[in-house]
Structures are given as C-alpha cells and as structure tokens.
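Colleague: So that we are looking at the same thing, I have put the structure below in structure tokens.
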Amino acid sequence: MTTPADRIADALGRCRHVLLLNHVSPDGDCLGSTLALARALSTRGQRATVGSADGVPEVYRFLPGADGIRRELPDDAAYDAVVFMECSTPDRAGALAARAAAVPLWVNIDHHLNNGGFGHLIAYDATAAAVAELVHPIVRRLAPGPDRQTATCLLCALLTDTGSFRYPAVTQRTLTIAADLVGQGAHPSEVYARVYENRPATTLRLLGQALGRLRLSPDGRVAWTVVTQAMLGETGAAMEESEGIVGALRAIAGVDVAMLFKEDPDGIRVSLRARGAVSANAIAEAFGGGGHAAAAGFTGRGTLDEVVRQTLEVVERELRTAAAS
Ligand code: AMP
Ligand code: MN
C-alpha cells in the first residue's frame with residue numbers, strides 16, 4: 001500500500017526544480033523541514049529552492065542550508081512543484097504565495113488543525129507533534145542514505161515544536177524518528193544549545209520587560225503580556241526574539257491560557273498557548289487564525305488594548321465551553 005508520503009516522494013523525485021515555501025513568521029519546524037526536504041532533493045541531483053517571505057530568524061541560521069533561503073524569488077524561474085510547509089491555506093506563505101500560481105503541482109504538508117486541504121498531493125496529520133514527523137518518511141524515501149546535516153534539520157524541527165520533547169503531542173513515533181536522526185549523527189544537546197543557549201542578552205532583557213508586565217485574570221486561569229515597539233526600542237531586541245515569552249507564562253500554576261500580544265507594523269500578532277480541555281485553536285479561529293489545541297495564533301486588528309480586550313472576551317467564552325464539555 002502506498003502512503004501519502006510515498007506518493008509525494010515519488011512525485012517530487014521526478015521533478016527538475018522544486019520550490020519549498022515556509023509560512024510567515026517561520027519557526028524551527030517549518031524551516032528544518034523545508035531544508036531537510038530540499039537537501040534530500042539536491043543530493044539526488046535535483047534543484048530545490050527554499051523560500052521564506054519573512055526570512056530566517058537569527059536562532060535558526062545555524063541550520064545547514066539556511067543561508068540559501070530566499071526572501072524573494074527570481075521572476076524567470078520555472079518550478080515543477082511547490083511544497084507548502086505548514087500552511088493551512090496558501091496565503092500563509094505570505095508574499096511568496098503568488099509564485100505558486102504558475103506551478104503545475106501543489107504539495108501540502110501540515111499538522112495544523114485548520115488546514116483547508118488544498119493542493120494535488122497532501123500529507124496531513126493533526127496528531128503529528130511536528131510537521132517534521134510527516135517530512136521524515138518523504139526524506140527517507142527520496143534519499144535513503146544517512147545524512148547528518150539533513151538529520152540535524154529534522155531534529156531541530158522536532159525539538160523546537162515539542163518544547164524539547166515535553167509537550168503532550170509527543171508519541172512513540174516522535175521519539176522513534178528522533179532516534180533515527182540521532183543514528184544518522186544529529187546531536188540533541190548540540191541542537192538544543194544552538195537554539196536555546198546562544199541568545200543575545202537583548203532577548204533576556206525583552207523577556208524581563210515582558211514578565212514585568214505580566215497580567216493575570218481574577219481567577220488566575222488566564223495570563224498575558226505584551227511586546228510593544230517601545231519595548232523593542234528600549235531593549236534593542238528584534239520582534240523575533242519574543243519567541244520564548246509565551247512559553248514562560250505557561251509555567252504559572254493554574255494558568256490554562258497564556259497569551260502574548262505583539263505590536264507589529266502589520267497588526268497585533270497574538271500567540272496563544274492552552275492546557276487541558278481548552279483549545280487555543282478555537283480562540284484563534286474566532287479571529288481568522290489557527291494552529292493546534294495547545295498552541296495557536298492570529299493577527300488582530302485594532303489597537304493593542306482593543307485586541308487584548310476582544311481576545312479576553314473570546315477566551316472567557318472558550319473557558320466556559322471547555323468547562324461544559
Ligand atoms: P506562534 O504563537 O507564532 O508560535 O504560533 C503557534 C502556532 O499557531 C504555530 O503552529 C503557528 O503556525 C500557528 N499560527 C500562528 N498564527 C497563525 C495564523 N494567523 N493562522 C494559522 N496558524 C497560525
Ligand atoms: Mn509545526
């Protein structure tokens with residue numbers, strides 16, 4: 001029986017030039033996964049171009065191949081296939097999504113709850129702890145030989161999307177794949193150190209400011225804080241350095257929903273984390289975003305205070321729904 005992964009590997013294996021697109025605000029999972037797949041294709045002598053409309057955050061520049069990721073694509077390039085990595089809809093690829101229009105084969109690989117099921121070939125599994133779990137069998141079929149650099153990309157994807165293998169979505173499959181990657185020469189402690197123990201001091205100063213502005217709902221179940229442009233100015237941090245803040249709020253006892261509101265030029269980007277029966281995805285969907293039950297996000301319209309107020313209303317509703325179910 002052929003699996004979706006087999007069909008995708010076989011189709012991509014016949015292409016001359018494949019375009020691989022990351023989502024906006026790319027994370028370790030989509031970047032590691034697109035780079036691993038691109039590398040598998042190039043070791044076979046095929047061309048692969050990785051695009052990321054928002055570039056590559058500093059913490060992920062150590063990934064093998066990251067310096068070849070493009071923010072813009074040449075007008076005259078012709079691709080036989082385009083891979084959308086973790087894009088619930090094509091527009092999640094941001095400004096690069098338009099480049100897919102002329103590409104004859106669309107491949108959709110995702111593990112988010114709200115994926116629209118677009119594309120000609122789909123590898124979709126919302127139970128996967130990271131999209132790398134879905135990419136691993138494709139890479140292994142395309143390039144069966146061990147490759148330490150490909151394995152490092154996939155291990156970074158698994159490690160970062162699972163909170164270093166701590167989240168409830170981690171399964172035997174996650175760890176079996178991790179074991180295969182370690183067998184190919186990837187080192188969990190090295191990847192961990194590159195991502196989490198290599199931060200500029202500005203990241204910690206921003207975390208300090210954000211924690212100083214921590215707010216809690218009266219019942220203690222909702223924790224939130226903000227990152228404003230003024231805070232970035234004072235600390236010298238870039239917005240991408242806010243990645244770990246919402247996770248820190250999850251550490252508070254009794255908190256079921258943690259939120260970070262980021263004041264970006266294009267709107268208020270909201271990061272949500274939830275525990276237990278509460279669905280972060282349901283909250284994000286109310287504002288046109290999405291994600292997983294435990295982690296989701298959306299871009300809010302309005303001032304920072306307005307978006308905070310609107311979101312708190314929806315969170316209260318979601319807490320009541322979760323209590324009733
Ligand atoms: P973040 O808070 O940016 O780490 O995002 C948490 C999860 O939600 C990730 O899996 C994101 O890909 C997803 N996510 C964030 N924003 C959106 C959005 N606007 N639409 C769909 N998914 C999103
Ligand atoms: Mn992911």
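Starting from 1 in every chain, residues are counted up; chains themselves are A, B, ... following the order of the structure tokens, and ligands are numbered from 1 as listed.
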Show me which residues sit within 9 Å of ligand 2 when counting only C-alpha atoms and all ligand atoms, and put them as a VMD selection string.
Modeller: chain A and resid 27 to 30 85 to 86 110 to 112 128 to 132 157 to 158 160 to 162 291
Colleague: Residues at most 7 Å from segment 311-325 of chain A, counting only C-alpha atoms, excluding those fewer than 2 positions away in the same chain, as a PDB file with N, CA, C and O atoms, in the first residue's frame?
Modeller:
```pdb
ATOM      1  N   ALA A 277      -8.564  20.922  28.563  1.00  0.00           N
ATOM      2  CA  ALA A 277      -9.661  20.873  27.587  1.00  0.00           C
ATOM      3  C   ALA A 277      -9.794  22.161  26.794  1.00  0.00           C
ATOM      4  O   ALA A 277     -10.605  22.261  25.876  1.00  0.00           O
ATOM      5  N   VAL A 278      -9.034  23.175  27.127  1.00  0.00           N
ATOM      6  CA  VAL A 278      -9.158  24.473  26.459  1.00  0.00           C
ATOM      7  C   VAL A 278      -8.432  24.424  25.112  1.00  0.00           C
ATOM      8  O   VAL A 278      -7.314  23.923  25.020  1.00  0.00           O
ATOM      9  N   ILE A 283      -9.870  29.568  19.921  1.00  0.00           N
ATOM     10  CA  ILE A 283      -9.766  31.011  20.205  1.00  0.00           C
ATOM     11  C   ILE A 283      -9.213  31.732  18.969  1.00  0.00           C
ATOM     12  O   ILE A 283      -9.751  32.742  18.517  1.00  0.00           O
ATOM     13  N   VAL A 307      -7.351  44.804  21.005  1.00  0.00           N
ATOM     14  CA  VAL A 307      -7.154  43.380  20.693  1.00  0.00           C
ATOM     15  C   VAL A 307      -7.091  42.565  21.981  1.00  0.00           C
ATOM     16  O   VAL A 307      -7.667  41.471  22.074  1.00  0.00           O
ATOM     17  N   VAL A 308      -6.439  43.096  23.019  1.00  0.00           N
ATOM     18  CA  VAL A 308      -6.380  42.386  24.309  1.00  0.00           C
ATOM     19  C   VAL A 308      -7.806  42.181  24.835  1.00  0.00           C
ATOM     20  O   VAL A 308      -8.190  41.068  25.228  1.00  0.00           O
ATOM     21  N   ARG A 309      -8.594  43.254  24.805  1.00  0.00           N
ATOM     22  CA  ARG A 309      -9.961  43.169  25.356  1.00  0.00           C
ATOM     23  C   ARG A 309     -10.818  42.166  24.570  1.00  0.00           C
ATOM     24  O   ARG A 309     -11.466  41.294  25.151  1.00  0.00           O
TER      25      ARG A 309
END
```
Colleague: Contacts of Ala78 of chain A at 10 Å or less, counting only C-alpha atoms, minus same-chain residues fewer than 2 places along, as a ChimeraX atom specification?
Modeller: /A:16-19,74-76,80-81,99,102-103
Colleague: Filtering to N, CA and C atoms, could you give me those residues as a JSON list (two decimals), in the first residue's frame?
Modeller:
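Written output follows (out_38.json):
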```json
[["chain", "number", "residue", "atom", "x", "y", "z"],
["A", 16, "ARG", "N", 12.39, 18.45, -11.84],
["A", 16, "ARG", "CA", 13.70, 19.06, -12.05],
["A", 16, "ARG", "C", 13.97, 20.10, -10.99],
["A", 17, "HIS", "N", 12.95, 20.94, -10.72],
["A", 17, "HIS", "CA", 13.15, 22.06, -9.80],
["A", 17, "HIS", "C", 11.92, 22.19, -8.89],
["A", 18, "VAL", "N", 12.15, 22.08, -7.59],
["A", 18, "VAL", "CA", 11.06, 22.15, -6.62],
["A", 18, "VAL", "C", 11.20, 23.42, -5.78],
["A", 19, "LEU", "N", 10.07, 24.11, -5.58],
["A", 19, "LEU", "CA", 10.03, 25.28, -4.71],
["A", 19, "LEU", "C", 9.42, 24.86, -3.38],
["A", 74, "PRO", "N", 13.42, 34.85, -8.10],
["A", 74, "PRO", "CA", 13.59, 35.44, -9.43],
["A", 74, "PRO", "C", 12.34, 35.23, -10.29],
["A", 75, "ASP", "N", 12.01, 36.23, -11.11],
["A", 75, "ASP", "CA", 10.78, 36.18, -11.92],
["A", 75, "ASP", "C", 10.79, 35.07, -12.96],
["A", 76, "ASP", "N", 12.00, 34.74, -13.45],
["A", 76, "ASP", "CA", 12.06, 33.82, -14.59],
["A", 76, "ASP", "C", 12.22, 32.35, -14.20],
["A", 80, "ASP", "N", 8.62, 22.80, -11.15],
["A", 80, "ASP", "CA", 7.70, 21.71, -11.50],
["A", 80, "ASP", "C", 6.74, 21.41, -10.36],
["A", 81, "ALA", "N", 7.14, 21.77, -9.14],
["A", 81, "ALA", "CA", 6.26, 21.52, -7.99],
["A", 81, "ALA", "C", 6.55, 22.56, -6.92],
["A", 99, "ARG", "N", 3.84, 33.20, -6.17],
["A", 99, "ARG", "CA", 4.74, 32.50, -7.08],
["A", 99, "ARG", "C", 4.27, 31.08, -7.39],
["A", 102, "ALA", "N", 1.77, 29.71, -11.06],
["A", 102, "ALA", "CA", 2.19, 29.12, -12.34],
["A", 102, "ALA", "C", 2.77, 27.71, -12.19],
["A", 103, "VAL", "N", 2.80, 27.19, -10.97],
["A", 103, "VAL", "CA", 3.43, 25.88, -10.74],
["A", 103, "VAL", "C", 2.37, 24.77, -10.88]]
```
Colleague: Counting only C-alpha atoms and all ligand atoms, what are the residues, protein, DNA or RNA alike, that approach ligand 1 to within 6 Å? I want them as a PyMOL selection string.
Modeller: chain A and resi 271-272+289-291+295-299
Colleague: May I have the residues from that selection written out with C-alpha atoms, as a PDB file, in the first residue's frame?
Modeller:
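Resulting contents of selection16.pdb:
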```pdb
ATOM      1  CA  SER A 271       0.439  33.895  20.361  1.00  0.00           C
ATOM      2  CA  LEU A 272      -1.795  31.551  22.355  1.00  0.00           C
ATOM      3  CA  GLY A 289      -6.140  32.444  12.703  1.00  0.00           C
ATOM      4  CA  GLY A 290      -5.437  28.872  13.664  1.00  0.00           C
ATOM      5  CA  GLY A 291      -2.939  26.334  14.942  1.00  0.00           C
ATOM      6  CA  ALA A 295      -0.608  26.411  20.516  1.00  0.00           C
ATOM      7  CA  ALA A 296      -2.212  28.776  18.033  1.00  0.00           C
ATOM      8  CA  GLY A 297      -2.060  32.327  16.781  1.00  0.00           C
ATOM      9  CA  PHE A 298      -3.757  35.081  14.817  1.00  0.00           C
ATOM     10  CA  THR A 299      -3.269  38.683  13.761  1.00  0.00           C
TER      11      THR A 299
END
```
Colleague: Atom CA of Gly119 of chain A and atom CA of Ala143 of chain A, how far apart in Å?
Modeller: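 Atom CA of Gly119 of chain A lies 23.8 Å from atom CA of Ala143 of chain A.
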Colleague: Under the rule that only C-alpha atoms are counted, which of A:Val222, A:Ala40, A:Val227, A:Ile109 is the nearest residue to Gly145 of chain A?
Modeller: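 Counting only C-alpha atoms, the residue closest to Gly145 of chain A is A:Ala40.
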Colleague: As a PyMOL selection string, please: every residue in segment 108-319 of chain A that a backbone DSSP assignment puts in strand (DSSP E).
Modeller: chain A and resi 108-110+121-124+215-216+222-227+257-264+267-274+290-291+295-300
Colleague: Using only C-alpha atoms, which of the listed residues (A:Leu211, A:Arg250, A:Glu72, A:Leu204) sits closest to Thr235 of chain A?
Modeller: A:Leu204
Colleague: Find the residue from A:Arg213, A:Arg39, A:Arg166, A:Arg44 that sits nearest to Cys153 of chain A; use only C-alpha atoms when measuring.
Modeller: A:Arg39
Colleague: Identify, on the basis of only C-alpha atoms, every residue whose closest approach to Asp256 of chain A does not exceed 6 Å; exclude the query and any residue fewer than 6 positions from it along the same chain; express the result as a PyMOL selection string.
Modeller: chain A and resi 221+274-275
Colleague: Those residues with N, CA, C and O atoms, as a compact mmCIF listing (two decimals), in the first residue's frame please?
Modeller:
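Once written, out.txt looks like this:
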```txt
# COMPACT_ATOMS: atom_id res chain seq x y z
N ARG A 221 -6.69 31.98 35.77
CA ARG A 221 -6.60 30.97 34.70
C ARG A 221 -6.03 31.51 33.40
O ARG A 221 -5.70 30.76 32.50
N ALA A 274 -2.46 26.85 25.36
CA ALA A 274 -3.55 26.39 26.23
C ALA A 274 -3.25 25.01 26.79
O ALA A 274 -2.43 24.27 26.26
N ARG A 275 -3.93 24.71 27.88
CA ARG A 275 -3.74 23.43 28.58
C ARG A 275 -5.08 22.74 28.77
O ARG A 275 -6.12 23.39 28.80
```
Colleague: Using only C-alpha atoms, which residue out of A:Ala48, A:Ala282, A:Leu31, A:Ile122 lies closest to Ile8 of chain A?
Modeller: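 With only C-alpha atoms as the atom set, the closest residue is A:Ile122.
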Colleague: Pick the closest to Arg140 of chain A from A:Gln310, A:Ser242, A:Gln184, A:Ser52: which is it, counting only C-alpha atoms?
Modeller: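 Using only C-alpha atoms, Arg140 of chain A sits closest to A:Gln184.
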Colleague: Taking only C-alpha atoms into account, name the residue in A:Gly163, A:Gly32, A:Gly247, A:Gly13 that is nearest to Glu133 of chain A.
Modeller: A:Gly32
Colleague: Hey, can you check how far atom CA of Ala100 of chain A sits from atom CA of Ser42 of chain A?
Modeller: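 So the answer is 20.3 Å.
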Colleague: For Met259 of chain A, list every protein, DNA or RNA residue within 8 Å, evaluated using only C-alpha atoms, and leave out those in the same chain fewer than 5 positions away; present the list as a ChimeraX atom specification.
Modeller: /A:222-225,246,249,270-273
